[in-house]
file model25.txt (compact mmCIF, C-alpha atoms)
# COMPACT_ATOMS: atom_id res chain seq x y z
CA MET A 1 -10.65 -0.96 3.29
CA GLN A 2 -13.04 -3.33 5.02
CA ASN A 3 -11.60 -6.11 2.86
CA MET A 4 -8.22 -6.36 4.60
CA LYS A 5 -9.38 -8.38 7.61
CA ARG A 6 -11.18 -10.80 5.29
CA LEU A 7 -8.18 -11.13 2.98
CA ARG A 8 -5.90 -11.74 5.96
CA SER A 9 -8.26 -14.34 7.44
CA VAL A 10 -7.91 -16.53 4.33
CA SER A 11 -4.18 -15.80 3.81
CA VAL A 12 -4.44 -13.98 0.49
CA PRO A 13 -0.76 -13.27 -0.26
CA LEU A 14 -0.85 -10.77 -3.17
CA VAL A 15 -3.05 -7.68 -3.42
CA ALA A 16 -2.91 -4.65 -5.70
CA ILE A 17 -4.75 -1.54 -4.57
CA GLU A 18 -5.50 1.10 -7.16
CA THR A 19 -5.34 4.34 -5.21
CA PHE A 20 -4.63 7.99 -5.88
CA ASP A 21 -3.46 8.51 -2.29
CA PRO A 22 -1.23 5.67 -1.07
CA ALA A 23 -0.48 7.35 2.28
CA GLU A 24 -4.20 7.62 3.06
CA THR A 25 -4.72 4.01 1.94
CA ILE A 26 -2.00 2.78 4.30
CA LYS A 27 -3.49 4.88 7.09
CA ARG A 28 -6.96 3.38 6.56
CA ILE A 29 -5.57 -0.16 6.46
CA ARG A 30 -3.69 0.45 9.71
CA VAL A 31 -6.88 1.74 11.34
CA GLU A 32 -8.87 -1.24 10.06
CA LEU A 33 -6.30 -3.74 11.28
CA ASN A 34 -6.04 -1.80 14.55
CA GLU A 35 -2.86 0.13 15.29
CA LYS A 36 -2.05 -2.41 18.01
CA THR A 37 -1.89 -5.27 15.52
CA GLU A 38 0.85 -7.80 16.07
CA ALA A 39 1.75 -7.65 12.38
CA PRO A 40 5.02 -6.07 11.32
CA LEU A 41 4.19 -3.37 8.77
CA LEU A 42 6.80 -2.35 6.20
CA GLN A 43 6.85 -0.30 3.03
CA TRP A 44 9.15 -0.26 0.03
CA SER A 45 9.86 2.59 -2.35
CA ILE A 46 12.61 3.16 -4.90
CA SER A 47 13.66 6.27 -2.97
CA TYR A 48 13.98 4.77 0.50
CA GLY A 49 14.12 1.00 0.08
CA LEU A 50 12.49 -1.16 2.73
CA GLU A 51 11.33 0.68 5.86
CA GLY A 52 9.41 -0.39 8.93
CA ILE A 53 6.31 1.72 9.55
CA ASN A 54 5.33 0.42 12.98
CA PRO A 55 7.55 -0.71 15.89
CA LEU A 56 7.45 -4.38 14.85
CA GLY A 57 8.12 -3.42 11.23
CA ILE A 58 11.13 -1.33 12.26
CA SER A 59 12.53 -4.28 14.24
CA VAL A 60 12.00 -6.62 11.29
CA GLN A 61 13.60 -4.18 8.85
CA ARG A 62 16.67 -3.86 11.08
CA ALA A 63 16.93 -7.64 11.47
CA ILE A 64 16.63 -8.53 7.78
CA ASN A 65 18.50 -5.53 6.45
CA PRO A 66 21.01 -4.42 9.12
CA ASN A 67 22.88 -2.03 6.80
CA GLY A 68 19.81 0.16 6.44
CA ALA A 69 16.79 0.56 4.23
CA VAL A 70 18.73 1.95 1.28
CA ASP A 71 20.41 -1.45 0.77
CA SER A 72 17.05 -2.81 -0.35
CA GLY A 73 16.46 -0.13 -3.00
CA ASN A 74 16.55 -2.60 -5.89
CA PRO A 75 12.99 -3.98 -6.18
CA ALA A 76 13.97 -7.48 -7.31
CA GLU A 77 16.57 -7.80 -4.56
CA CYS A 78 14.09 -6.55 -2.00
CA LEU A 79 11.53 -9.16 -3.11
CA LYS A 80 14.13 -11.89 -2.55
CA ILE A 81 14.89 -10.51 0.93
CA LEU A 82 11.17 -10.51 1.70
CA ARG A 83 10.66 -14.05 0.42
CA ASP A 84 13.58 -15.41 2.42
CA SER A 85 13.38 -13.38 5.62
CA LEU A 86 9.99 -11.84 6.35
CA PRO A 87 8.43 -13.28 9.53
CA GLU A 88 4.86 -14.55 9.84
CA ASN A 89 1.92 -12.16 9.62
CA SER A 90 3.95 -9.33 8.07
CA ILE A 91 2.42 -6.83 5.66
CA VAL A 92 4.51 -5.07 3.01
CA PHE A 93 3.29 -2.06 1.03
CA PHE A 94 5.13 -1.78 -2.30
CA HIS A 95 4.78 1.72 -3.75
CA ASN A 96 4.21 2.33 -7.48
CA ILE A 97 4.17 -1.33 -8.39
CA GLN A 98 2.98 -0.44 -11.91
CA ASP A 99 6.47 0.91 -12.63
CA TYR A 100 8.19 -2.44 -11.96
CA LEU A 101 5.87 -5.09 -13.39
CA LYS A 102 7.52 -4.92 -16.80
CA GLY A 103 10.77 -6.34 -15.41
CA GLU A 104 10.95 -10.12 -15.51
CA ASP A 105 13.04 -10.18 -12.33
CA VAL A 106 10.30 -8.32 -10.45
CA ARG A 107 7.49 -10.41 -11.94
CA GLN A 108 9.33 -13.59 -10.98
CA GLY A 109 10.15 -12.22 -7.52
CA ILE A 110 6.50 -11.42 -6.86
CA TRP A 111 5.42 -14.81 -8.14
CA PHE A 112 7.85 -16.48 -5.71
CA LEU A 113 6.30 -14.49 -2.86
CA ARG A 114 2.91 -16.05 -3.50
CA ASP A 115 3.50 -19.47 -1.96
CA ALA A 116 6.00 -18.31 0.69
CA PHE A 117 3.67 -15.56 1.88
CA LYS A 118 0.61 -17.84 1.86
CA LEU A 119 2.40 -20.28 4.17
CA ARG A 120 3.54 -17.52 6.55
CA HIS A 121 0.27 -15.52 6.40
CA CYS A 122 2.12 -12.50 5.00
CA LEU A 123 0.56 -9.95 2.70
CA PHE A 124 2.16 -8.08 -0.20
CA ILE A 125 0.19 -4.97 -1.15
CA GLY A 126 1.16 -3.26 -4.39
CA LEU A 127 0.03 0.38 -4.38
CA CYS A 128 -0.58 2.17 -7.68
CA PRO A 129 -2.92 4.62 -9.39
CA VAL A 130 -3.87 1.98 -11.99
CA VAL A 131 -2.49 -1.51 -12.48
CA THR A 132 -2.32 -3.74 -15.52
CA LEU A 133 -1.12 -7.11 -14.34
CA PRO A 134 1.00 -9.19 -16.70
CA ASP A 135 -0.38 -12.55 -17.78
CA SER A 136 2.05 -14.36 -15.50
CA LEU A 137 0.53 -12.71 -12.39
CA ARG A 138 -3.05 -11.97 -13.42
CA ASN A 139 -4.58 -14.95 -11.60
CA ASP A 140 -2.45 -14.54 -8.47
CA PHE A 141 -3.54 -11.04 -7.36
CA VAL A 142 -6.66 -9.69 -5.77
CA VAL A 143 -7.15 -6.17 -7.20
CA ILE A 144 -9.01 -3.53 -5.21
CA SER A 145 -9.92 -0.22 -6.82
CA GLU A 146 -10.51 2.56 -4.34
CA ALA A 147 -13.19 5.07 -5.14
CA LEU A 148 -12.30 8.74 -5.07
CA PRO A 149 -13.33 10.50 -1.86
CA THR A 150 -16.93 11.63 -1.62
CA LYS A 151 -17.84 15.30 -1.71
CA GLU A 152 -18.47 15.16 2.04
CA LYS A 153 -15.04 13.63 2.71
CA LEU A 154 -13.36 16.25 0.51
CA LEU A 155 -15.17 19.03 2.37
CA GLU A 156 -13.99 17.49 5.64
CA ILE A 157 -10.37 17.38 4.38
CA VAL A 158 -10.42 20.96 3.10
CA SER A 159 -12.09 22.24 6.27
CA SER A 160 -9.39 20.50 8.33
CA ILE A 161 -6.63 22.04 6.19
CA CYS A 162 -8.22 25.48 6.48
CA GLU A 163 -8.52 25.10 10.25
CA GLN A 164 -4.86 24.05 10.56
CA ALA A 165 -3.82 27.04 8.44
CA GLY A 166 -5.97 29.43 10.43
CA VAL A 167 -8.07 30.25 7.37
CA LYS A 168 -11.84 30.52 7.60
CA ALA A 169 -13.71 28.11 5.32
CA ASP A 170 -16.54 29.90 3.53
CA ALA A 171 -19.12 29.54 0.80
CA LYS A 172 -16.39 29.73 -1.86
CA ILE A 173 -15.23 26.29 -0.77
CA GLN A 174 -18.73 24.85 -1.23
CA GLU A 175 -18.87 26.48 -4.66
CA MET A 176 -15.50 24.98 -5.56
CA PHE A 177 -16.68 21.49 -4.57
CA ASP A 178 -19.81 21.83 -6.58
CA LYS A 179 -17.61 22.54 -9.58
CA TYR A 180 -14.55 20.28 -8.91
CA GLY A 181 -15.82 17.75 -6.39
CA LYS A 182 -14.71 14.66 -8.33
CA LEU A 183 -10.97 15.38 -8.30
CA PRO A 184 -8.49 13.43 -6.16
CA ARG A 185 -7.64 14.82 -2.73
CA TYR A 186 -4.39 16.48 -3.79

call {"tool": "encode", "arguments": {"input": "model25.txt", "output": "structure tokens"}}
result
Amino acid sequence: MQNMKRLRSVSVPLVAIETFDPAETIKRIRVELNEKTEAPLLQWSISYGLEGINPLGISVQRAINPNGAVDSGNPAECLKILRDSLPENSIVFFHNIQDYLKGEDVRQGIWFLRDAFKLRHCLFIGLCPVVTLPDSLRNDFVVISEALPTKEKLLEIVSSICEQAGVKADAKIQEMFDKYGKLPRY
């Protein structure tokens, strides 16, 4: 995710990241931007609405949505809240954006974020396994496609899981990766 600092430096407002592991993607972006960043970080999902994911993000979420995250469960309404209320330098992760791009209210809401977010140096990141942008948004997004983890990274993940479970990693794991090494982490 070396691109995030560059995208932020030129105030790119709309990004879609094709990823098979959104939690890991968010984690890597947080590491790249440095956990101590002064940017409020928030995430939206249909299940939980708008939530802060760092101390500044939690404060922002409480200020713009005092009745709780669940009040922002409607994606189009949440986009309006973000456009009208999100402070400078904020970053919002929008989970499973591919599921909502067919709705004209969501497409229009995202389009309205473009100029407002550019002025306030905010960043909207749509997370999805694969995205097909509608014509009305195609030229407004930067799309990043994450590669699947390398064999070495997968071995590292599995070894860590085995260690946490108190299970000894052995040659069977290497054999498994030789056979299935191109599958997503989960």

call {"tool": "closest_residue", "arguments": {"input": "model25.txt", "among": "A:Asp140, A:Glu77, A:Glu163, A:Glu38", "to": "A:Arg114", "atoms": "only C-alpha atoms"}}
result
A:Asp140

call {"tool": "closest_residue", "arguments": {"input": "model25.txt", "among": "A:Leu79, A:Leu14, A:Ile91, A:Val31", "to": "A:Val60", "atoms": "all atoms listed in the file"}}
result
A:Ile91

call {"tool": "residues_near_point", "arguments": {"input": "model25.txt", "point": "(-12.1, -1.3, -8.2)", "cutoff": "12 Å", "atoms": "all atoms listed in the file", "output": "count of residues only"}}
result
15

call {"tool": "atom_distance", "arguments": {"input": "model25.txt", "atom1": "atom CA of A:Asp21", "atom2": "atom CA of A:Pro87"}}
result
27.5 Å

call {"tool": "closest_residue", "arguments": {"input": "model25.txt", "among": "A:Arg28, A:Ser85, A:Ser90, A:Lys80", "to": "A:His121", "atoms": "only C-alpha atoms"}}
result
A:Ser90

call {"tool": "residues_near_point", "arguments": {"input": "model25.txt", "point": "(20.4, -5.0, -1.9)", "cutoff": "12 Å", "atoms": "only C-alpha atoms", "output": "VMD selection string"}}
result
chain A and resid 46 48 to 50 64 to 82

call {"tool": "atom_distance", "arguments": {"input": "model25.txt", "atom1": "atom CA of A:Ile110", "atom2": "atom CA of A:Arg83"}}
result
8.8 Å

call {"tool": "atom_distance", "arguments": {"input": "model25.txt", "atom1": "atom CA of A:Asn54", "atom2": "atom CA of A:Val92"}}
result
11.4 Å

call {"tool": "residues_around", "arguments": {"input": "model25.txt", "residues": "A:Gln43", "least_positions_apart": "6", "cutoff": "7 Å", "atoms": "all atoms listed in the file", "output": "ChimeraX atom specification"}}
result
/A:50-53,92-94

call {"tool": "closest_residue", "arguments": {"input": "model25.txt", "among": "A:Asp84, A:Ile29, A:Leu101, A:Ile157", "to": "A:Leu113", "atoms": "only C-alpha atoms"}}
result
A:Asp84

call {"tool": "closest_residue", "arguments": {"input": "model25.txt", "among": "A:Asp170, A:Asp115, A:Asp105, A:Asp99", "to": "A:Leu127", "atoms": "only C-alpha atoms"}}
result
A:Asp99

call {"tool": "closest_residue", "arguments": {"input": "model25.txt", "among": "A:His95, A:Leu119, A:Ser159, A:Ile125", "to": "A:Ser47", "atoms": "all atoms listed in the file"}}
result
A:His95
